[in-house]
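Student: Quick one: the structure is below, and I'll ask about it shortly.
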Amino acid sequence: MIDRPHDELTLTLPDGSTRTVAYDTLPRDVVASIGAGLARAALAVEVNGAIQDLVTPLRQSGTFRVLTERDLDALSVLRHSTAHVLATAVRRLRPAAKIGFGPAIEDGFYYDFEVDEPFTPDDLAAFEAEMRKVVAEKYPFVREEVGRAEAERRFVEDPLKLERLSELGDDEVISIYTDGPFVDLCRGPHVPDTSRIKHFRLMHTAPAYWRGDERRQQLQRIYGTAWFNKDDLEAYMRRLEEAKRRDHRLLGKELDLFSTDQRVGPGLILWHPRGSIIRNEIENFERDLILRHGYELVYTPHVVSEKLFEISGHLITFKESMFGPIEVEGSNYRPKPMNCPGHICIYQAHQRSYRDLPLRFAEFGTVYRYERSGVLHGMLRVRGFTQDDAHVFCTPEQVPQEIERLLDLVDEMLRVFGYPYTIELSTRPEENSLGTAEVWERAERMLAEVLERRGQSYSIDAGGGAFYGPKLDFKLIDAIGRKWQGPTVQLDFNLPERFGLEYIGADNKPHRPVMLHRVLVGSMERFVGGLIEHYAGAFPLWLAPEQLRVIPITDETRDAAAVVAERAKEAGIRVTLDDRAQTLNYRIAEAERLKTPYMAIIGKREMANGTVSLREHRLGREQRPQVIAADELISRLRTEIECRALPEPVPASEPRQESAAD
Ligand SMILES: [Zn+2]
Ligand SMILES: [Zn+2]
């Protein structure tokens, strides 16, 4: 309900009490009436779930909550306000800089500037110092609501702001915020004044197109971070350092796992032999797992007639993400962006009876999707990737038990990689969704009921579903606490409709099956990229490209070393014999650099006793090698491989020494 001017508003506080205030009252005054201490601590308020600042007039009745530094929700207000302080500082030092947008983002904020020369690290240091002055000057964030003509006058020197202004509808409130010398066209919210911003850091600068559009001018984006206290800021900086050390692009190169090549094209991954071993192990493990869970393997073509995607609806809803058509004999073909239509055609190759269901078709299916080159990122954002895709066709009554089965499968899969996870239920998107509201609600309820019955906690991502059905999204939590996209289970009442899928029921009449789409790792590329960072390149033994390196100390022990290597190989262990003429230290250092889990070093004493001197990568540089019998070494490694043991966690606070060489 929209309250009209001159109405009284009723605000409901968290304790259930209510306040009646006049339309256009400032939240600041309401907060002051609650208590002086709260007024000093207040940063913003939440009205009906939407955050607004203390100087934006109240125009709605509803719930009213005061946000202080103790509310995580207030962080985005702090960060966006810090972006204003950055722009204030930049404009003081570079009056000619034109301003773009400055939103809060995860863990921080950015602000875009149009300048002739890119910013340097020295510029950033100068801006940060200037920001500290703006903070010390304690400027209030003053809000003004103005008419269009006045706004145009105020931003006459800022073409990007004028462009934004021209897009605002006639019924939209135009608000302007000023902190000291700086004025911005902005909707808010902001903290009360610049002195509330204390713990921040400018991070780096990068070019960015105006509105993300590569046909528009290039701006310079400055990224920063801001927190409510020093400890949080420091913890964040340490987390960043740790993430940098684990960057899969760096480790992928160092460990010789994958590469890209401009001649192949951006966003298309070349899997090197060492990386392919990891992928192949995962695929083998998963194939065995899903066969046990009642799946059947299928293969479908990479290039498919466009007609199929007309039927599936992808050409309507997914066209922007598809590679363009390829003409063959007068018909258009496309690299497939999804595997579902192919699996549907396999379903339709026979008449299906209720006795055949559920059918579970699985494929390691490579798909191609267009992504702008600017957003490609190592293995995580690519243009070609392999999904561990599967589609379950079942009767409506079988859906709950199939969801249960999938939840078991997901759990079994993720446990092996050592990922804790969270579950999100994503509901109907506001735009571009197929099917009726009733069908969606039924599907959403079904998913929620299964989760609740199992006692599994989940959150709701309202509007986050795909266009064809609600879904369960699993978010993996990695070794340094970051969240990654994991398995998805998607209910689909729509594609069966579009393709006219049928099965013959017990009543001898045709019925429509339900379809479930599911992936476990999702994209093999993204999953392995994530694993590289999760394990910091030190893979568990079953995934390690090289599991054991055998190193004879001298030429004399070379044959004995070769025998140990041969026996390990026969036992199915991935082993290398390093009998090169380099020094022992040099060879140990190289095995360490490749994060080889085990090294068996063989000197004269070991040769005489049938033992090896064993080094473990995870124990670091300062370790006393263990002397064990060669047989024992082999059986120990076999056990570790077979049970897919997870690596011992490496403490993040003490950087490891990777080299044994001095
Ligand atoms: Zn703002
Ligand atoms: Zn699918």
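To be explicit about the labels: the chains of the structure tokens are called A, B, and onward in the order shown, and within each one the residues are counted from 1, while ligands get numbers from 1 in the order they are shown.
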Could you name the residues that touch Asp73 of chain A at 10 Å or less, counting only C-alpha atoms, but leaving out those on the same chain fewer than 5 positions away, as a list of chain:residue names?

Tutor: A:Ala44, A:Val45, A:Glu46, A:Ile51, A:Leu67, A:Thr68, A:Leu78

Student: For N, CA and C atoms, I'd like the residues from the last selection saved as an mmCIF file, in the first residue's frame.

Tutor:
```
data_model
loop_
_atom_site.group_PDB
_atom_site.id
_atom_site.type_symbol
_atom_site.label_atom_id
_atom_site.label_comp_id
_atom_site.auth_asym_id
_atom_site.auth_seq_id
_atom_site.Cartn_x
_atom_site.Cartn_y
_atom_site.Cartn_z
ATOM 1 N N ALA A 44 21.831 3.613 9.969
ATOM 2 C CA ALA A 44 20.774 3.620 8.958
ATOM 3 C C ALA A 44 19.570 2.923 9.579
ATOM 4 N N VAL A 45 18.487 2.826 8.826
ATOM 5 C CA VAL A 45 17.336 2.074 9.325
ATOM 6 C C VAL A 45 16.847 1.131 8.232
ATOM 7 N N GLU A 46 16.074 0.144 8.663
ATOM 8 C CA GLU A 46 15.471 -0.782 7.711
ATOM 9 C C GLU A 46 13.962 -0.618 7.829
ATOM 10 N N ILE A 51 16.753 -0.986 3.252
ATOM 11 C CA ILE A 51 17.615 -0.119 4.047
ATOM 12 C C ILE A 51 17.533 1.309 3.512
ATOM 13 N N LEU A 67 19.733 0.176 12.351
ATOM 14 C CA LEU A 67 20.962 -0.568 12.069
ATOM 15 C C LEU A 67 22.160 0.147 12.698
ATOM 16 N N THR A 68 22.988 -0.635 13.396
ATOM 17 C CA THR A 68 24.233 -0.098 13.961
ATOM 18 C C THR A 68 25.385 -0.922 13.406
ATOM 19 N N LEU A 78 27.995 1.343 4.820
ATOM 20 C CA LEU A 78 29.341 1.855 5.111
ATOM 21 C C LEU A 78 30.196 1.878 3.847
#
```

Student: Show me which residues are within 7 Å of ligand 1 counting only C-alpha atoms and all ligand atoms, and format the list as a list in words.

Tutor: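 Counting only C-alpha atoms and all ligand atoms, the residues within 7 Å of ligand 1 come out as His80, Ser81, His84, Tyr177, Asp184, Cys186, Arg187, Gly188, Pro189 and His190 of chain A.
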
Student: Find the spatial neighbours of Pro301 of chain A, counting only C-alpha atoms, within a cut-off of 9 Å - ignore same-chain residues fewer than 4 positions away - and output them as a VMD selection string.

Tutor: chain A and resid 335 to 336 342 365

Student: Would you name the residues within 7 Å of ligand 2, counting only C-alpha atoms and all ligand atoms, and put them as a list in words?

Tutor: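 Here is the list of contacting residues: Met338, Asn339, Cys340, Asp389, Ala390, His391, His517 and Arg518 of chain A.
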
Student: Skip Ile290 of chain A itself and residues of its chain fewer than 4 positions away, then list as number ranges by chain all residues within 10 Å of it, counting only C-alpha atoms.

Tutor: A: 285-286, 294-297, 360, 362, 390, 409, 413

Student: To one decimal place, how far is atom CA of Glu157 of chain A from atom CA of Lys98 of chain A in Å?

Tutor: 7.8 Å

Student: Can you list every residue in segment 412-567 of chain A that DSSP puts in alpha helix (DSSP H), as a ChimeraX atom specification?

Tutor: /A:412-417,437-453,495-499,524-534,558-567

Student: List as a list of chain:residue names the protein and nucleic acid residues near segment 454-459 of chain A, meaning an atom at most 12 Å away when only C-alpha atoms are counted, but skip any in the same chain fewer than 3 places from it.

Tutor: A:Pro400, A:Gln401, A:Ile403, A:Glu404, A:Arg405, A:Leu407, A:Asp408, A:Asp411, A:Tyr421, A:Thr422, A:Ile423, A:Glu424, A:Leu425, A:Ser426, A:Thr427, A:Leu447, A:Ala448, A:Glu449, A:Val450, A:Leu451, A:Ala462, A:Gly464, A:Lys471, A:Leu472, A:Asp473, A:Phe474, A:Lys475

Student: With N, CA and C atoms kept, could you save the residues just selected as a PDB file, in the first residue's frame?

Tutor:
```
ATOM      1  N   PRO A 400       9.530 -36.744  -4.974  1.00  0.00           N
ATOM      2  CA  PRO A 400      10.163 -36.647  -3.652  1.00  0.00           C
ATOM      3  C   PRO A 400      11.256 -37.695  -3.441  1.00  0.00           C
ATOM      4  N   GLN A 401      11.002 -38.939  -3.842  1.00  0.00           N
ATOM      5  CA  GLN A 401      12.029 -39.964  -3.598  1.00  0.00           C
ATOM      6  C   GLN A 401      13.262 -39.736  -4.483  1.00  0.00           C
ATOM      7  N   ILE A 403      14.350 -36.734  -5.348  1.00  0.00           N
ATOM      8  CA  ILE A 403      15.069 -35.631  -4.697  1.00  0.00           C
ATOM      9  C   ILE A 403      15.884 -36.164  -3.517  1.00  0.00           C
ATOM     10  N   GLU A 404      15.275 -37.055  -2.747  1.00  0.00           N
ATOM     11  CA  GLU A 404      15.980 -37.693  -1.623  1.00  0.00           C
ATOM     12  C   GLU A 404      17.247 -38.379  -2.113  1.00  0.00           C
ATOM     13  N   ARG A 405      17.095 -39.128  -3.176  1.00  0.00           N
ATOM     14  CA  ARG A 405      18.196 -39.882  -3.753  1.00  0.00           C
ATOM     15  C   ARG A 405      19.328 -38.934  -4.183  1.00  0.00           C
ATOM     16  N   LEU A 407      19.866 -35.913  -2.971  1.00  0.00           N
ATOM     17  CA  LEU A 407      20.503 -35.312  -1.799  1.00  0.00           C
ATOM     18  C   LEU A 407      21.547 -36.262  -1.220  1.00  0.00           C
ATOM     19  N   ASP A 408      21.245 -37.567  -1.225  1.00  0.00           N
ATOM     20  CA  ASP A 408      22.234 -38.557  -0.776  1.00  0.00           C
ATOM     21  C   ASP A 408      23.459 -38.545  -1.672  1.00  0.00           C
ATOM     22  N   ASP A 411      25.647 -35.532  -1.159  1.00  0.00           N
ATOM     23  CA  ASP A 411      26.382 -35.633   0.089  1.00  0.00           C
ATOM     24  C   ASP A 411      27.583 -36.561  -0.045  1.00  0.00           C
ATOM     25  N   TYR A 421      28.918 -27.739   2.927  1.00  0.00           N
ATOM     26  CA  TYR A 421      28.108 -27.007   1.965  1.00  0.00           C
ATOM     27  C   TYR A 421      26.836 -26.447   2.583  1.00  0.00           C
ATOM     28  N   THR A 422      26.249 -25.475   1.911  1.00  0.00           N
ATOM     29  CA  THR A 422      24.953 -24.939   2.315  1.00  0.00           C
ATOM     30  C   THR A 422      23.985 -25.153   1.155  1.00  0.00           C
ATOM     31  N   ILE A 423      22.702 -25.111   1.452  1.00  0.00           N
ATOM     32  CA  ILE A 423      21.685 -25.329   0.413  1.00  0.00           C
ATOM     33  C   ILE A 423      20.795 -24.097   0.281  1.00  0.00           C
ATOM     34  N   GLU A 424      20.541 -23.719  -0.961  1.00  0.00           N
ATOM     35  CA  GLU A 424      19.628 -22.612  -1.248  1.00  0.00           C
ATOM     36  C   GLU A 424      18.499 -23.111  -2.134  1.00  0.00           C
ATOM     37  N   LEU A 425      17.292 -22.739  -1.782  1.00  0.00           N
ATOM     38  CA  LEU A 425      16.143 -23.052  -2.632  1.00  0.00           C
ATOM     39  C   LEU A 425      15.817 -21.790  -3.433  1.00  0.00           C
ATOM     40  N   SER A 426      15.966 -21.886  -4.762  1.00  0.00           N
ATOM     41  CA  SER A 426      15.750 -20.712  -5.608  1.00  0.00           C
ATOM     42  C   SER A 426      14.370 -20.781  -6.231  1.00  0.00           C
ATOM     43  N   THR A 427      13.636 -19.698  -6.098  1.00  0.00           N
ATOM     44  CA  THR A 427      12.236 -19.700  -6.519  1.00  0.00           C
ATOM     45  C   THR A 427      12.040 -18.950  -7.837  1.00  0.00           C
ATOM     46  N   LEU A 447      10.125 -29.368  -3.082  1.00  0.00           N
ATOM     47  CA  LEU A 447      11.540 -29.327  -2.719  1.00  0.00           C
ATOM     48  C   LEU A 447      11.697 -28.995  -1.234  1.00  0.00           C
ATOM     49  N   ALA A 448      10.937 -28.006  -0.778  1.00  0.00           N
ATOM     50  CA  ALA A 448      11.045 -27.579   0.621  1.00  0.00           C
ATOM     51  C   ALA A 448      10.665 -28.717   1.558  1.00  0.00           C
ATOM     52  N   GLU A 449       9.624 -29.469   1.194  1.00  0.00           N
ATOM     53  CA  GLU A 449       9.155 -30.541   2.069  1.00  0.00           C
ATOM     54  C   GLU A 449      10.199 -31.640   2.227  1.00  0.00           C
ATOM     55  N   VAL A 450      10.867 -31.972   1.129  1.00  0.00           N
ATOM     56  CA  VAL A 450      11.888 -33.018   1.223  1.00  0.00           C
ATOM     57  C   VAL A 450      13.016 -32.570   2.146  1.00  0.00           C
ATOM     58  N   LEU A 451      13.465 -31.313   1.968  1.00  0.00           N
ATOM     59  CA  LEU A 451      14.553 -30.801   2.805  1.00  0.00           C
ATOM     60  C   LEU A 451      14.143 -30.800   4.276  1.00  0.00           C
ATOM     61  N   ALA A 462      14.942 -15.838  -3.286  1.00  0.00           N
ATOM     62  CA  ALA A 462      13.689 -15.494  -3.966  1.00  0.00           C
ATOM     63  C   ALA A 462      13.978 -14.980  -5.372  1.00  0.00           C
ATOM     64  N   GLY A 464      15.525 -16.568  -7.706  1.00  0.00           N
ATOM     65  CA  GLY A 464      16.809 -17.049  -8.232  1.00  0.00           C
ATOM     66  C   GLY A 464      16.705 -18.303  -9.098  1.00  0.00           C
ATOM     67  N   LYS A 471      14.933 -24.500  -8.160  1.00  0.00           N
ATOM     68  CA  LYS A 471      16.094 -25.378  -8.020  1.00  0.00           C
ATOM     69  C   LYS A 471      16.687 -25.334  -6.634  1.00  0.00           C
ATOM     70  N   LEU A 472      17.470 -26.358  -6.347  1.00  0.00           N
ATOM     71  CA  LEU A 472      18.284 -26.381  -5.143  1.00  0.00           C
ATOM     72  C   LEU A 472      19.706 -26.109  -5.571  1.00  0.00           C
ATOM     73  N   ASP A 473      20.302 -25.100  -4.956  1.00  0.00           N
ATOM     74  CA  ASP A 473      21.690 -24.761  -5.241  1.00  0.00           C
ATOM     75  C   ASP A 473      22.529 -25.124  -4.036  1.00  0.00           C
ATOM     76  N   PHE A 474      23.603 -25.837  -4.283  1.00  0.00           N
ATOM     77  CA  PHE A 474      24.514 -26.183  -3.193  1.00  0.00           C
ATOM     78  C   PHE A 474      25.727 -25.288  -3.308  1.00  0.00           C
ATOM     79  N   LYS A 475      26.090 -24.633  -2.213  1.00  0.00           N
ATOM     80  CA  LYS A 475      27.268 -23.767  -2.213  1.00  0.00           C
ATOM     81  C   LYS A 475      28.350 -24.461  -1.402  1.00  0.00           C
TER      82      LYS A 475
END
```
